[in-house]
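K.L.:
Below you'll find the structure I mean.
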Amino acid sequence: LCEGLVRTGAMRARPAEIRALAANAMVVATYWLNFLAIGTRRETETQALGSGVYHVMALFAPYLTGEARRHFDKLSRRYID
């Protein structure tokens with residue numbers, strides 16, 4: 001996915017950054033609910049899943065360019081509002 005975004009110009013990232021980004025996204029996606037369980041922050045199940053999706057998406061944001069970044073900004077608000 002990231003390599004395709006880079007090829008189309010929607011994302012700027014070097015191969016090493018893409019590997020790190022993919023690993024970080026996997027960590028957040030896999031352990032998000034565990035992270036919430038050990039903290040003091042309480043959310044409904046829907047809120048917890050939405051905030052987890054947002055946090056995974058936010059990892060990609062700094063690498064996105066132009067229309068892809070604008071689309072991210074619009075889409076991400078759905079998960080945190």
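Every chain in the structure tokens has a letter given in the order shown (A, B, ...), and although residue numbers restart at 1 in each chain, ligands are simply numbered from 1 in the order shown.
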Applying 9 Å and only C-alpha atoms, which residues near Ala13 (chain A) remain after dropping the ones on its own chain fewer than 2 positions away? List them as a ChimeraX atom specification.
P.N.:
/A:2-3,6,11,15-18,63-64
K.L.:
Taking only C-alpha atoms into account, which of A:Gly66, A:Leu59, A:Gln47, A:Thr30 comes nearest Tyr79 (chain A)?
P.N.:
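When distances to Tyr79 (chain A) are compared using only C-alpha atoms, the smallest one comes from A:Gln47.
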K.L.:
I'd like to know which residues of chain A are helix (DSSP H, G or I) (by DSSP, run on the backbone); could you write them as a compact mmCIF listing (two decimals) with N, CA and C atoms, in the first residue's frame?
P.N.:
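Okay, this is what ended up in part_20.txt:
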```txt
# COMPACT_ATOMS: atom_id res chain seq x y z
N CYS A 2 1.83 1.31 0.90
CA CYS A 2 2.70 2.49 0.99
C CYS A 2 3.51 2.68 -0.28
N GLU A 3 4.04 1.60 -0.81
CA GLU A 3 4.82 1.71 -2.04
C GLU A 3 3.97 2.22 -3.19
N GLY A 4 2.71 1.79 -3.25
CA GLY A 4 1.80 2.29 -4.27
C GLY A 4 1.52 3.77 -4.09
N LEU A 5 1.35 4.21 -2.85
CA LEU A 5 1.13 5.63 -2.59
C LEU A 5 2.36 6.45 -2.97
N VAL A 6 3.54 5.93 -2.71
CA VAL A 6 4.77 6.62 -3.09
C VAL A 6 4.86 6.72 -4.62
N ARG A 7 4.57 5.62 -5.31
CA ARG A 7 4.62 5.62 -6.79
C ARG A 7 3.69 6.66 -7.40
N THR A 8 2.53 6.85 -6.79
CA THR A 8 1.57 7.81 -7.35
C THR A 8 1.82 9.24 -6.88
N PRO A 15 12.24 3.64 1.68
CA PRO A 15 11.95 2.24 2.04
C PRO A 15 12.10 1.94 3.54
N ALA A 16 13.11 2.47 4.16
CA ALA A 16 13.30 2.24 5.60
C ALA A 16 12.16 2.86 6.41
N GLU A 17 11.70 4.02 5.99
CA GLU A 17 10.58 4.67 6.69
C GLU A 17 9.30 3.86 6.51
N ILE A 18 9.10 3.31 5.31
CA ILE A 18 7.92 2.49 5.06
C ILE A 18 7.93 1.25 5.94
N ARG A 19 9.08 0.61 6.08
CA ARG A 19 9.17 -0.58 6.94
C ARG A 19 8.85 -0.22 8.39
N ALA A 20 9.41 0.88 8.88
CA ALA A 20 9.15 1.30 10.25
C ALA A 20 7.68 1.69 10.43
N LEU A 21 7.13 2.37 9.46
CA LEU A 21 5.72 2.77 9.51
C LEU A 21 4.81 1.56 9.56
N ALA A 22 5.09 0.57 8.74
CA ALA A 22 4.27 -0.65 8.73
C ALA A 22 4.37 -1.37 10.08
N ALA A 23 5.56 -1.46 10.64
CA ALA A 23 5.73 -2.12 11.94
C ALA A 23 4.99 -1.34 13.04
N ASN A 24 5.11 -0.02 13.03
CA ASN A 24 4.43 0.80 14.04
C ASN A 24 2.92 0.68 13.92
N ALA A 25 2.41 0.67 12.70
CA ALA A 25 0.97 0.52 12.49
C ALA A 25 0.49 -0.82 13.03
N MET A 26 1.27 -1.86 12.82
CA MET A 26 0.91 -3.19 13.31
C MET A 26 0.90 -3.22 14.84
N VAL A 27 1.88 -2.59 15.46
CA VAL A 27 1.94 -2.55 16.92
C VAL A 27 0.73 -1.82 17.49
N VAL A 28 0.43 -0.65 16.96
CA VAL A 28 -0.71 0.11 17.47
C VAL A 28 -2.01 -0.64 17.24
N ALA A 29 -2.20 -1.17 16.04
CA ALA A 29 -3.44 -1.88 15.74
C ALA A 29 -3.61 -3.12 16.63
N THR A 30 -2.53 -3.81 16.89
CA THR A 30 -2.59 -5.05 17.66
C THR A 30 -2.82 -4.81 19.15
N TYR A 31 -2.19 -3.76 19.69
CA TYR A 31 -2.20 -3.57 21.13
C TYR A 31 -3.01 -2.38 21.62
N TRP A 32 -3.76 -1.74 20.74
CA TRP A 32 -4.50 -0.55 21.14
C TRP A 32 -5.46 -0.81 22.30
N LEU A 33 -6.24 -1.84 22.20
CA LEU A 33 -7.21 -2.12 23.26
C LEU A 33 -6.52 -2.49 24.58
N ASN A 34 -5.39 -3.18 24.50
CA ASN A 34 -4.62 -3.47 25.72
C ASN A 34 -4.10 -2.18 26.34
N PHE A 35 -3.64 -1.27 25.51
CA PHE A 35 -3.16 0.02 25.98
C PHE A 35 -4.28 0.75 26.73
N LEU A 36 -5.47 0.77 26.17
CA LEU A 36 -6.59 1.42 26.84
C LEU A 36 -6.94 0.73 28.15
N ALA A 37 -6.83 -0.57 28.18
CA ALA A 37 -7.21 -1.34 29.38
C ALA A 37 -6.30 -1.03 30.57
N ILE A 38 -5.04 -0.71 30.33
CA ILE A 38 -4.13 -0.44 31.44
C ILE A 38 -4.12 1.02 31.85
N GLU A 45 -16.94 0.90 23.59
CA GLU A 45 -16.27 0.04 22.62
C GLU A 45 -16.12 0.73 21.27
N THR A 46 -17.17 1.40 20.84
CA THR A 46 -17.14 2.11 19.56
C THR A 46 -16.11 3.22 19.59
N GLN A 47 -16.05 3.99 20.68
CA GLN A 47 -15.06 5.05 20.80
C GLN A 47 -13.65 4.48 20.81
N ALA A 48 -13.45 3.38 21.52
CA ALA A 48 -12.13 2.76 21.61
C ALA A 48 -11.65 2.30 20.25
N LEU A 49 -12.52 1.67 19.49
CA LEU A 49 -12.13 1.21 18.16
C LEU A 49 -11.87 2.40 17.24
N GLY A 50 -12.72 3.40 17.32
CA GLY A 50 -12.53 4.58 16.48
C GLY A 50 -11.24 5.31 16.79
N SER A 51 -10.92 5.45 18.07
CA SER A 51 -9.68 6.13 18.41
C SER A 51 -8.47 5.29 18.00
N GLY A 52 -8.60 3.97 18.05
CA GLY A 52 -7.51 3.11 17.58
C GLY A 52 -7.29 3.26 16.08
N VAL A 53 -8.37 3.30 15.33
CA VAL A 53 -8.26 3.51 13.88
C VAL A 53 -7.59 4.85 13.61
N TYR A 54 -8.02 5.88 14.32
CA TYR A 54 -7.42 7.20 14.13
C TYR A 54 -5.92 7.18 14.41
N HIS A 55 -5.51 6.54 15.50
CA HIS A 55 -4.09 6.52 15.85
C HIS A 55 -3.26 5.78 14.80
N VAL A 56 -3.80 4.72 14.24
CA VAL A 56 -3.08 4.02 13.16
C VAL A 56 -2.98 4.94 11.94
N MET A 57 -4.10 5.56 11.58
CA MET A 57 -4.09 6.45 10.43
C MET A 57 -3.14 7.62 10.63
N ALA A 58 -3.08 8.15 11.84
CA ALA A 58 -2.24 9.31 12.13
C ALA A 58 -0.76 9.02 11.92
N LEU A 59 -0.36 7.77 12.03
CA LEU A 59 1.03 7.42 11.77
C LEU A 59 1.42 7.73 10.33
N PHE A 60 0.46 7.62 9.42
CA PHE A 60 0.72 7.83 8.00
C PHE A 60 0.68 9.31 7.60
N ALA A 61 -0.02 10.12 8.37
CA ALA A 61 -0.28 11.51 8.00
C ALA A 61 0.96 12.32 7.62
N PRO A 62 2.04 12.26 8.38
CA PRO A 62 3.20 13.10 8.03
C PRO A 62 3.82 12.77 6.67
N TYR A 63 3.53 11.62 6.15
CA TYR A 63 4.11 11.19 4.88
C TYR A 63 3.22 11.51 3.69
N GLY A 66 -0.38 16.58 -0.66
CA GLY A 66 -1.45 17.10 -1.50
C GLY A 66 -2.84 16.60 -1.15
N GLU A 67 -3.52 16.12 -2.18
CA GLU A 67 -4.90 15.66 -2.03
C GLU A 67 -5.01 14.48 -1.05
N ALA A 68 -4.00 13.62 -1.01
CA ALA A 68 -4.03 12.49 -0.08
C ALA A 68 -4.06 13.00 1.36
N ARG A 69 -3.32 14.05 1.66
CA ARG A 69 -3.33 14.61 3.02
C ARG A 69 -4.67 15.27 3.32
N ARG A 70 -5.22 15.98 2.37
CA ARG A 70 -6.52 16.61 2.58
C ARG A 70 -7.59 15.54 2.80
N HIS A 71 -7.52 14.47 2.04
CA HIS A 71 -8.47 13.37 2.22
C HIS A 71 -8.31 12.73 3.60
N PHE A 72 -7.09 12.54 4.03
CA PHE A 72 -6.83 12.01 5.37
C PHE A 72 -7.46 12.91 6.43
N ASP A 73 -7.24 14.22 6.32
CA ASP A 73 -7.77 15.15 7.32
C ASP A 73 -9.29 15.05 7.40
N LYS A 74 -9.94 14.96 6.26
CA LYS A 74 -11.40 14.85 6.23
C LYS A 74 -11.87 13.51 6.81
N LEU A 75 -11.25 12.42 6.36
CA LEU A 75 -11.64 11.08 6.80
C LEU A 75 -11.36 10.87 8.29
N SER A 76 -10.24 11.33 8.77
CA SER A 76 -9.86 11.06 10.15
C SER A 76 -10.81 11.69 11.15
N ARG A 77 -11.42 12.82 10.80
CA ARG A 77 -12.35 13.47 11.73
C ARG A 77 -13.53 12.57 12.06
N ARG A 78 -13.89 11.67 11.16
CA ARG A 78 -14.99 10.74 11.41
C ARG A 78 -14.70 9.80 12.57
N TYR A 79 -13.42 9.55 12.82
CA TYR A 79 -13.05 8.61 13.87
C TYR A 79 -12.84 9.26 15.22
N ILE A 80 -12.71 10.57 15.25
CA ILE A 80 -12.45 11.24 16.52
C ILE A 80 -13.54 12.20 16.95
```
